[in-house]
>>> print(open('query27.txt').read())   # compact mmCIF, C-alpha atoms
# COMPACT_ATOMS: atom_id res chain seq x y z
CA MET A 1 126.38 103.61 57.69
CA GLY A 2 127.05 101.12 60.46
CA SER A 3 129.56 103.45 62.07
CA GLU A 4 127.08 106.34 61.96
CA LYS A 5 124.41 104.18 63.57
CA GLU A 6 126.81 103.11 66.29
CA THR A 7 127.79 106.74 66.93
CA ARG A 8 124.15 107.71 67.36
CA ARG A 9 123.59 104.79 69.73
CA GLU A 10 126.60 105.80 71.84
CA ALA A 11 125.40 109.41 71.90
CA ARG A 12 121.98 108.27 73.09
CA ILE A 13 123.48 106.13 75.84
CA ALA A 14 125.70 109.02 76.98
CA ALA A 15 122.77 111.45 77.00
CA GLU A 16 120.56 109.07 78.98
CA ARG A 17 123.35 108.47 81.48
CA ALA A 18 123.90 112.21 81.95
CA ILE A 19 120.17 112.74 82.45
CA LEU A 20 119.88 109.90 84.96
CA GLN A 21 122.86 111.12 86.97
CA ALA A 22 121.45 114.64 87.09
CA ALA A 23 117.99 113.32 87.98
CA GLU A 24 119.42 111.24 90.84
CA GLU A 25 120.98 114.35 92.33
CA VAL A 26 117.93 116.59 91.86
CA PHE A 27 115.41 114.04 93.13
CA ALA A 28 117.65 113.28 96.12
CA ILE A 29 117.82 116.95 97.10
CA TYR A 30 114.30 118.17 96.24
CA GLY A 31 112.20 115.01 96.25
CA PHE A 32 109.76 114.06 93.52
CA LYS A 33 107.33 116.93 94.11
CA GLY A 34 109.99 119.59 94.46
CA SER A 35 111.95 118.58 91.38
CA THR A 36 111.36 119.96 87.91
CA MET A 37 112.46 118.81 84.49
CA ALA A 38 113.98 122.27 83.99
CA ARG A 39 116.21 121.87 87.05
CA ILE A 40 117.25 118.40 85.92
CA ALA A 41 118.08 119.75 82.45
CA GLN A 42 120.15 122.53 84.02
CA THR A 43 122.03 120.07 86.22
CA ALA A 44 122.67 117.79 83.24
CA GLY A 45 123.79 120.70 81.08
CA LEU A 46 121.24 119.79 78.40
CA PRO A 47 118.26 121.59 76.84
CA LYS A 48 114.97 120.79 78.54
CA ALA A 49 113.69 119.44 75.22
CA ASN A 50 116.37 116.75 75.34
CA ILE A 51 115.14 115.56 78.72
CA HIS A 52 111.58 115.24 77.41
CA TYR A 53 112.83 113.45 74.29
CA TYR A 54 114.30 110.61 76.35
CA PHE A 55 111.86 110.78 79.26
CA PRO A 56 108.49 112.34 78.31
CA THR A 57 107.35 112.84 81.92
CA LYS A 58 108.91 113.49 85.30
CA LEU A 59 107.22 110.38 86.66
CA GLU A 60 108.79 108.19 83.97
CA LEU A 61 112.23 109.63 84.72
CA TYR A 62 111.74 109.22 88.47
CA ARG A 63 110.74 105.59 88.14
CA ARG A 64 113.76 104.95 85.92
CA VAL A 65 116.07 106.43 88.56
CA VAL A 66 114.45 104.26 91.22
CA GLU A 67 114.69 101.23 88.95
CA GLU A 68 118.42 101.80 88.46
CA ILE A 69 119.26 101.76 92.17
CA TYR A 70 116.73 99.04 92.90
CA SER A 71 118.10 96.77 90.17
CA SER A 72 121.67 97.21 91.38
CA TRP A 73 120.64 96.15 94.88
CA LEU A 74 118.77 93.09 93.65
CA GLU A 75 121.63 92.07 91.37
CA ALA A 76 124.00 92.32 94.32
CA GLY A 77 121.94 89.57 95.96
CA ASP A 78 122.72 87.15 93.13
CA VAL A 79 125.79 86.10 95.14
CA PHE A 80 123.42 84.21 97.44
CA ASP A 81 122.81 81.79 94.58
CA ASN A 82 126.34 81.62 93.20
CA SER A 83 128.63 81.47 96.24
CA PRO A 84 130.05 78.29 97.81
CA ASP A 85 128.97 79.20 101.34
CA ALA A 86 127.11 81.73 103.47
CA ALA A 87 130.20 83.64 104.60
CA THR A 88 131.41 84.20 101.04
CA ALA A 89 127.94 85.20 99.85
CA LEU A 90 127.25 87.66 102.66
CA SER A 91 130.74 89.13 102.44
CA ALA A 92 130.34 89.80 98.71
CA TYR A 93 126.82 91.15 99.23
CA ILE A 94 127.97 93.63 101.86
CA GLU A 95 130.88 94.73 99.67
CA SER A 96 128.55 95.34 96.73
CA LYS A 97 126.08 97.31 98.83
CA MET A 98 128.87 99.45 100.27
CA ASP A 99 130.23 100.09 96.77
CA THR A 100 126.79 101.23 95.65
CA SER A 101 126.57 103.65 98.57
CA ARG A 102 129.99 105.02 97.67
CA LEU A 103 129.38 105.34 93.92
CA HIS A 104 125.65 106.18 93.83
CA PRO A 105 124.78 108.01 97.05
CA PHE A 106 122.10 110.16 95.41
CA GLY A 107 120.24 107.11 94.12
CA SER A 108 120.15 105.64 97.61
CA LYS A 109 118.83 108.94 98.98
CA VAL A 110 116.05 108.97 96.36
CA TRP A 111 114.96 105.53 97.53
CA ALA A 112 115.15 106.49 101.21
CA ASN A 113 113.12 109.67 100.67
CA GLU A 114 110.49 107.74 98.74
CA ILE A 115 110.14 105.13 101.49
CA LEU A 116 109.93 107.83 104.18
CA GLN A 117 106.97 109.29 102.31
CA GLY A 118 105.19 105.93 102.30
CA ALA A 119 106.33 104.94 98.79
CA PRO A 120 103.61 106.89 96.92
CA VAL A 121 105.24 106.24 93.53
CA ILE A 122 106.96 102.87 93.91
CA GLN A 123 104.66 100.89 96.20
CA ASP A 124 104.15 98.44 93.35
CA TYR A 125 107.89 97.61 93.45
CA LEU A 126 107.65 96.81 97.15
CA GLU A 127 104.57 94.62 96.82
CA THR A 128 105.84 92.57 93.87
CA SER A 129 109.49 92.15 92.93
CA LEU A 130 111.01 93.28 96.25
CA ARG A 131 108.68 91.02 98.24
CA ASP A 132 109.43 88.04 95.97
CA TRP A 133 113.18 88.73 95.96
CA THR A 134 113.26 89.06 99.75
CA GLN A 135 111.43 85.77 100.20
CA SER A 136 113.89 84.01 97.91
CA ARG A 137 116.81 85.35 99.98
CA ILE A 138 115.05 84.31 103.19
CA ASP A 139 114.74 80.76 101.87
CA ILE A 140 118.49 80.64 101.21
CA ILE A 141 119.37 82.08 104.62
CA ASN A 142 117.13 79.49 106.28
CA ARG A 143 118.99 76.79 104.36
CA TRP A 144 122.30 78.12 105.61
CA ILE A 145 120.94 78.01 109.16
CA ALA A 146 119.72 74.43 108.71
CA GLU A 147 123.16 73.44 107.39
CA GLY A 148 124.89 75.05 110.35
CA GLN A 149 126.67 77.63 108.21
CA ILE A 150 125.39 80.53 110.33
CA ALA A 151 123.81 80.87 113.76
CA PRO A 152 120.00 80.80 113.99
CA VAL A 153 118.73 84.30 113.22
CA ASP A 154 115.59 85.83 111.79
CA PRO A 155 116.49 86.18 108.09
CA ARG A 156 114.42 89.34 107.68
CA HIS A 157 116.25 91.12 110.48
CA LEU A 158 119.60 90.03 109.07
CA LEU A 159 118.68 91.56 105.71
CA TYR A 160 117.29 94.70 107.34
CA MET A 161 120.50 95.12 109.31
CA ILE A 162 122.67 94.81 106.21
CA TRP A 163 120.48 97.28 104.32
CA ALA A 164 120.45 99.75 107.20
CA VAL A 165 124.20 99.72 107.78
CA THR A 166 125.36 99.78 104.16
CA GLN A 167 122.84 102.38 103.02
CA HIS A 168 123.63 104.57 106.04
CA TYR A 169 126.88 105.62 104.36
CA ALA A 170 124.89 107.09 101.47
CA ASP A 171 121.68 108.28 103.12
CA PHE A 172 123.52 109.95 106.02
CA SER A 173 126.63 110.95 104.10
CA HIS A 174 126.55 114.47 105.50
CA GLN A 175 126.67 113.11 109.04
CA VAL A 176 129.44 110.68 108.12
CA GLU A 177 131.47 113.47 106.50
CA THR A 178 130.89 115.86 109.42
CA LEU A 179 132.22 113.25 111.84
CA ASN A 180 135.14 112.71 109.46
CA GLY A 181 136.41 116.25 109.90
CA GLY A 182 134.08 117.67 107.28
CA LYS A 183 135.61 115.58 104.50
CA PRO A 184 134.28 112.68 102.39
CA LEU A 185 135.69 109.28 103.24
CA ARG A 186 138.87 108.49 101.35
CA SER A 187 139.22 105.21 99.42
CA GLN A 188 141.15 103.64 102.30
CA GLN A 189 138.46 104.71 104.76
CA TRP A 190 135.76 103.16 102.59
CA HIS A 191 137.78 99.94 102.55
CA GLU A 192 138.15 100.01 106.32
CA ALA A 193 134.45 100.73 106.79
CA THR A 194 133.51 97.84 104.52
CA GLN A 195 135.82 95.44 106.36
CA SER A 196 134.42 96.56 109.71
CA VAL A 197 130.82 96.08 108.62
CA LYS A 198 131.62 92.63 107.25
CA ARG A 199 133.50 91.58 110.37
CA ILE A 200 130.79 92.77 112.78
CA ILE A 201 127.92 91.15 110.89
CA LEU A 202 129.66 87.88 109.97
CA ASN A 203 131.06 87.41 113.47
CA GLY A 204 127.64 88.22 114.92
CA ILE A 205 126.04 85.31 113.07
CA SER A 206 129.07 82.99 113.39
CA ALA A 207 129.51 82.79 109.62
CA GLN A 208 132.58 80.93 108.44
CA SER A 209 133.77 80.10 104.96
CA SER A 210 134.09 76.47 103.84
CA ALA A 211 137.85 76.73 104.20
CA GLN A 212 137.57 78.04 107.76
CA ARG A 213 135.20 75.25 108.78
CA ALA A 214 137.43 72.61 107.19
CA GLU A 215 140.43 74.02 109.05
CA GLU A 216 138.59 73.86 112.37
CA GLN A 217 137.48 70.28 111.76
CA ALA A 218 140.96 69.12 110.74
>>> encode(input="query27.txt", output="structure tokens")
Amino acid sequence: MGSEKETRREARIAAERAILQAAEEVFAIYGFKGSTMARIAQTAGLPKANIHYYFPTKLELYRRVVEEIYSSWLEAGDVFDNSPDAATALSAYIESKMDTSRLHPFGSKVWANEILQGAPVIQDYLETSLRDWTQSRIDIINRWIAEGQIAPVDPRHLLYMIWAVTQHYADFSHQVETLNGGKPLRSQQWHEATQSVKRIILNGISAQSSAQRAEEQA
């Protein structure tokens, strides 16, 4: 009995994941208004009834897709709380954001399209959890500045810059691929891009790890 229950649970998880992946792609291409549950079902390779079983309405499915990408971005910012210094935290944050752009480009596009339309569906996210999360990160960045870990900068603009650069690789993937000879970036190119973004931003704010500062003071 337990094994049968576990099998059903795994099947449900797999079905939801397939639906969410298909929905990311469809919403990214057609937007909320232009997308249909039938097209999402077709993309997922599932009967339309299955989509409605897990997500009764298109709005509910759309918000879940947005929540997935949104949550991954917020979780990436946990390194601000858990890292030994600003350089380590920001480096890990940039890496995580770049990984999300590489692995979930459609989700990032859904978010970008929504914001470009004035956030008609997810404005509540912006006015509550995103605003609170952003303020908490600003407080930490201001502490780093006060401690001399990074150069004085406007924390909001630092965050905006990181978001803009890392999400560019997902939101403008067609442009990136066109300028890459019409081919997606290879794993090594993603690594090089990530290292470049980190180096430019960290050098721009004079961020050094604890080990680097100790070495300079020795």
>>> closest_atom_pairs(input="query27.txt", of="region 72-155 of chain A", to="region 3-24 of chain A", cutoff="12 Å", atoms="all atoms listed in the file", output="tab-separated table")
residue	atom	partner	partner_atom	distance
A:Leu103	CA	A:Gln21	CA	11.1
A:His104	CA	A:Glu24	CA	8.6
A:Pro105	CA	A:Glu24	CA	8.8
A:Phe106	CA	A:Glu24	CA	5.4
A:Gly107	CA	A:Glu24	CA	5.3
A:Ser108	CA	A:Glu24	CA	8.8
A:Lys109	CA	A:Glu24	CA	8.5
A:Val110	CA	A:Glu24	CA	6.9
A:Trp111	CA	A:Glu24	CA	9.9
A:Asn113	CA	A:Glu24	CA	11.8
>>> closest_atom_pairs(input="query27.txt", of="region 157-181 of chain A", to="region 66-90 of chain A", cutoff="12 Å", atoms="only C-alpha atoms", output="JSON lines")
{"residue": "A:Leu158", "atom": "CA", "partner": "A:Leu90", "partner_atom": "CA", "distance": 10.3}
{"residue": "A:Leu159", "atom": "CA", "partner": "A:Leu90", "partner_atom": "CA", "distance": 9.9}
{"residue": "A:Ile162", "atom": "CA", "partner": "A:Leu90", "partner_atom": "CA", "distance": 9.2}
{"residue": "A:Trp163", "atom": "CA", "partner": "A:Trp73", "partner_atom": "CA", "distance": 9.5}
{"residue": "A:Thr166", "atom": "CA", "partner": "A:Trp73", "partner_atom": "CA", "distance": 11.0}
{"residue": "A:Gln167", "atom": "CA", "partner": "A:Trp73", "partner_atom": "CA", "distance": 10.5}
>>> closest_residue(input="query27.txt", among="A:His174, A:Gly148, A:Thr43, A:Ser101", to="Ser209 (chain A)", atoms="all atoms listed in the file")
A:Gly148
>>> closest_residue(input="query27.txt", among="A:Gly118, A:Gly204, A:Pro155, A:Pro184", to="Gln135 (chain A)", atoms="all atoms listed in the file")
A:Pro155
>>> closest_atom_pairs(input="query27.txt", of="region 95-171 of chain A", to="region 57-63 of chain A", cutoff="12 Å", atoms="all atoms listed in the file", output="Markdown table")
| residue | atom | partner | partner_atom | distance |
| --- | --- | --- | --- | --- |
| A:Gly107 | CA | A:Tyr62 | CA | 10.4 |
| A:Val110 | CA | A:Tyr62 | CA | 9.0 |
| A:Trp111 | CA | A:Arg63 | CA | 10.3 |
| A:Glu114 | CA | A:Tyr62 | CA | 10.5 |
| A:Ala119 | CA | A:Arg63 | CA | 11.5 |
| A:Pro120 | CA | A:Arg63 | CA | 11.4 |
| A:Val121 | CA | A:Arg63 | CA | 7.7 |
| A:Ile122 | CA | A:Arg63 | CA | 7.4 |
| A:Gln123 | CA | A:Arg63 | CA | 11.1 |
| A:Asp124 | CA | A:Arg63 | CA | 11.0 |
| A:Tyr125 | CA | A:Arg63 | CA | 10.0 |
>>> closest_residue(input="query27.txt", among="A:Ile150, A:Ala49, A:Leu179, A:Ile138", to="Ser206 (chain A)", atoms="all atoms listed in the file")
A:Ile150
>>> residues_around(input="query27.txt", residues="Ala38 (chain A)", least_positions_apart="4", cutoff="9 Å", atoms="all atoms listed in the file", output="count of residues only")
5
>>> axis_aligned_box(input="query27.txt", around="region 198-206 of chain A", padding_each_side="4 Å", output="JSON")
{"center_x": 129.8, "center_y": 87.9, "center_z": 111.1, "size_x": 15.5, "size_y": 17.8, "size_z": 15.7}
>>> atom_distance(input="query27.txt", atom1="CA of Ala28 (chain A)", atom2="CA of Ala112 (chain A)")
8.8 Å
>>> residues_near_point(input="query27.txt", point="(128.2, 95.1, 101.8)", cutoff="8 Å", atoms="only C-alpha atoms", output="number ranges by chain")
A: 90-99, 162, 166, 194, 197-198
>>> closest_residue(input="query27.txt", among="A:Val176, A:Leu46, A:Val153, A:Ile145", to="Ile201 (chain A)", atoms="all atoms listed in the file")
A:Val153
>>> atom_distance(input="query27.txt", atom1="CA of Asn142 (chain A)", atom2="CA of Asp154 (chain A)")
8.5 Å
>>> atom_distance(input="query27.txt", atom1="CA of Ala170 (chain A)", atom2="CA of Ile115 (chain A)")
14.9 Å
>>> decode(input="query27.txt", residues="region 71-106 of chain A", atoms="N, CA, C and O atoms", output="mmCIF file, in the first residue's frame")
data_model
loop_
_atom_site.group_PDB
_atom_site.id
_atom_site.type_symbol
_atom_site.label_atom_id
_atom_site.label_comp_id
_atom_site.auth_asym_id
_atom_site.auth_seq_id
_atom_site.Cartn_x
_atom_site.Cartn_y
_atom_site.Cartn_z
ATOM 1 N N SER A 71 10.615 32.526 -6.702
ATOM 2 C CA SER A 71 11.151 31.874 -5.500
ATOM 3 C C SER A 71 12.613 31.510 -5.675
ATOM 4 O O SER A 71 13.416 31.651 -4.744
ATOM 5 N N SER A 72 12.975 31.054 -6.881
ATOM 6 C CA SER A 72 14.374 30.680 -7.109
ATOM 7 C C SER A 72 15.279 31.899 -7.004
ATOM 8 O O SER A 72 16.395 31.818 -6.482
ATOM 9 N N TRP A 73 14.804 33.046 -7.485
ATOM 10 C CA TRP A 73 15.600 34.266 -7.388
ATOM 11 C C TRP A 73 15.751 34.716 -5.940
ATOM 12 O O TRP A 73 16.824 35.137 -5.515
ATOM 13 N N LEU A 74 14.674 34.653 -5.177
ATOM 14 C CA LEU A 74 14.740 35.070 -3.779
ATOM 15 C C LEU A 74 15.630 34.132 -2.968
ATOM 16 O O LEU A 74 16.414 34.576 -2.122
ATOM 17 N N GLU A 75 15.525 32.842 -3.235
ATOM 18 C CA GLU A 75 16.359 31.874 -2.520
ATOM 19 C C GLU A 75 17.838 32.088 -2.835
ATOM 20 O O GLU A 75 18.700 31.870 -1.976
ATOM 21 N N ALA A 76 18.123 32.517 -4.065
ATOM 22 C CA ALA A 76 19.515 32.783 -4.428
ATOM 23 C C ALA A 76 20.105 33.866 -3.532
ATOM 24 O O ALA A 76 21.301 33.871 -3.236
ATOM 25 N N GLY A 77 19.255 34.792 -3.086
ATOM 26 C CA GLY A 77 19.712 35.886 -2.234
ATOM 27 C C GLY A 77 19.972 35.493 -0.795
ATOM 28 O O GLY A 77 20.458 36.313 -0.008
ATOM 29 N N ASP A 78 19.699 34.228 -0.447
ATOM 30 C CA ASP A 78 19.981 33.767 0.916
ATOM 31 C C ASP A 78 21.474 33.823 1.225
ATOM 32 O O ASP A 78 21.863 33.879 2.401
ATOM 33 N N VAL A 79 22.304 33.794 0.186
ATOM 34 C CA VAL A 79 23.759 33.832 0.414
ATOM 35 C C VAL A 79 24.182 35.141 1.065
ATOM 36 O O VAL A 79 25.245 35.204 1.681
ATOM 37 N N PHE A 80 23.358 36.180 0.950
ATOM 38 C CA PHE A 80 23.689 37.440 1.628
ATOM 39 C C PHE A 80 23.744 37.237 3.133
ATOM 40 O O PHE A 80 24.513 37.891 3.833
ATOM 41 N N ASP A 81 22.911 36.340 3.636
ATOM 42 C CA ASP A 81 22.833 36.099 5.078
ATOM 43 C C ASP A 81 23.881 35.096 5.548
ATOM 44 O O ASP A 81 24.302 35.143 6.705
ATOM 45 N N ASN A 82 24.272 34.179 4.644
ATOM 46 C CA ASN A 82 25.060 33.026 5.079
ATOM 47 C C ASN A 82 26.529 33.060 4.678
ATOM 48 O O ASN A 82 27.269 32.123 4.997
ATOM 49 N N SER A 83 26.965 34.097 3.984
ATOM 50 C CA SER A 83 28.350 34.137 3.507
ATOM 51 C C SER A 83 29.241 34.925 4.463
ATOM 52 O O SER A 83 28.771 35.817 5.175
ATOM 53 N N PRO A 84 30.532 34.622 4.469
ATOM 54 C CA PRO A 84 31.451 35.291 5.402
ATOM 55 C C PRO A 84 31.766 36.738 5.040
ATOM 56 O O PRO A 84 32.214 37.498 5.893
ATOM 57 N N ASP A 85 31.553 37.117 3.771
ATOM 58 C CA ASP A 85 31.870 38.477 3.370
ATOM 59 C C ASP A 85 31.093 38.841 2.115
ATOM 60 O O ASP A 85 30.464 37.987 1.471
ATOM 61 N N ALA A 86 31.156 40.119 1.760
ATOM 62 C CA ALA A 86 30.385 40.635 0.629
ATOM 63 C C ALA A 86 30.812 40.002 -0.690
ATOM 64 O O ALA A 86 29.966 39.653 -1.522
ATOM 65 N N ALA A 87 32.122 39.857 -0.897
ATOM 66 C CA ALA A 87 32.611 39.316 -2.164
ATOM 67 C C ALA A 87 32.113 37.891 -2.378
ATOM 68 O O ALA A 87 31.674 37.536 -3.481
ATOM 69 N N THR A 88 32.166 37.086 -1.347
ATOM 70 C CA THR A 88 31.702 35.699 -1.450
ATOM 71 C C THR A 88 30.203 35.651 -1.713
ATOM 72 O O THR A 88 29.727 34.875 -2.545
ATOM 73 N N ALA A 89 29.460 36.498 -0.994
ATOM 74 C CA ALA A 89 28.001 36.519 -1.153
ATOM 75 C C ALA A 89 27.602 36.941 -2.555
ATOM 76 O O ALA A 89 26.780 36.291 -3.215
ATOM 77 N N LEU A 90 28.164 38.034 -3.031
ATOM 78 C CA LEU A 90 27.788 38.552 -4.343
ATOM 79 C C LEU A 90 28.235 37.614 -5.459
ATOM 80 O O LEU A 90 27.539 37.451 -6.465
ATOM 81 N N SER A 91 29.397 36.995 -5.284
ATOM 82 C CA SER A 91 29.880 36.044 -6.274
ATOM 83 C C SER A 91 28.914 34.862 -6.395
ATOM 84 O O SER A 91 28.540 34.461 -7.503
ATOM 85 N N ALA A 92 28.504 34.323 -5.260
ATOM 86 C CA ALA A 92 27.572 33.188 -5.267
ATOM 87 C C ALA A 92 26.211 33.594 -5.809
ATOM 88 O O ALA A 92 25.552 32.819 -6.519
ATOM 89 N N TYR A 93 25.784 34.809 -5.487
ATOM 90 C CA TYR A 93 24.484 35.296 -5.965
ATOM 91 C C TYR A 93 24.490 35.421 -7.489
ATOM 92 O O TYR A 93 23.550 34.983 -8.167
ATOM 93 N N ILE A 94 25.536 35.990 -8.035
ATOM 94 C CA ILE A 94 25.644 36.141 -9.482
ATOM 95 C C ILE A 94 25.685 34.770 -10.160
ATOM 96 O O ILE A 94 25.016 34.543 -11.183
ATOM 97 N N GLU A 95 26.428 33.846 -9.586
ATOM 98 C CA GLU A 95 26.503 32.496 -10.153
ATOM 99 C C GLU A 95 25.123 31.845 -10.182
ATOM 100 O O GLU A 95 24.738 31.220 -11.175
ATOM 101 N N SER A 96 24.384 31.978 -9.095
ATOM 102 C CA SER A 96 23.055 31.378 -9.022
ATOM 103 C C SER A 96 22.109 31.995 -10.038
ATOM 104 O O SER A 96 21.333 31.295 -10.703
ATOM 105 N N LYS A 97 22.161 33.313 -10.166
ATOM 106 C CA LYS A 97 21.290 33.993 -11.134
ATOM 107 C C LYS A 97 21.646 33.606 -12.568
ATOM 108 O O LYS A 97 20.760 33.444 -13.423
ATOM 109 N N MET A 98 22.925 33.453 -12.862
ATOM 110 C CA MET A 98 23.333 33.030 -14.192
ATOM 111 C C MET A 98 22.887 31.591 -14.461
ATOM 112 O O MET A 98 22.453 31.265 -15.572
ATOM 113 N N ASP A 99 22.990 30.736 -13.461
ATOM 114 C CA ASP A 99 22.541 29.349 -13.613
ATOM 115 C C ASP A 99 21.047 29.292 -13.901
ATOM 116 O O ASP A 99 20.585 28.488 -14.717
ATOM 117 N N THR A 100 20.280 30.147 -13.232
ATOM 118 C CA THR A 100 18.835 30.174 -13.468
ATOM 119 C C THR A 100 18.530 30.622 -14.892
ATOM 120 O O THR A 100 17.644 30.068 -15.546
ATOM 121 N N SER A 101 19.264 31.598 -15.385
ATOM 122 C CA SER A 101 19.066 32.047 -16.767
ATOM 123 C C SER A 101 19.415 30.943 -17.758
ATOM 124 O O SER A 101 18.770 30.811 -18.799
ATOM 125 N N ARG A 102 20.414 30.149 -17.418
ATOM 126 C CA ARG A 102 20.823 29.059 -18.312
ATOM 127 C C ARG A 102 19.817 27.911 -18.282
ATOM 128 O O ARG A 102 19.466 27.364 -19.328
ATOM 129 N N LEU A 103 19.328 27.570 -17.098
ATOM 130 C CA LEU A 103 18.480 26.385 -16.949
ATOM 131 C C LEU A 103 16.997 26.672 -17.111
ATOM 132 O O LEU A 103 16.227 25.775 -17.473
ATOM 133 N N HIS A 104 16.563 27.917 -16.840
ATOM 134 C CA HIS A 104 15.141 28.258 -16.898
ATOM 135 C C HIS A 104 14.915 29.566 -17.671
ATOM 136 O O HIS A 104 14.326 30.505 -17.130
ATOM 137 N N PRO A 105 15.359 29.619 -18.915
ATOM 138 C CA PRO A 105 15.220 30.870 -19.670
ATOM 139 C C PRO A 105 13.768 31.261 -19.914
ATOM 140 O O PRO A 105 13.443 32.447 -19.931
ATOM 141 N N PHE A 106 12.890 30.288 -20.103
ATOM 142 C CA PHE A 106 11.489 30.621 -20.365
ATOM 143 C C PHE A 106 10.845 31.269 -19.143
ATOM 144 O O PHE A 106 10.051 32.204 -19.266
#
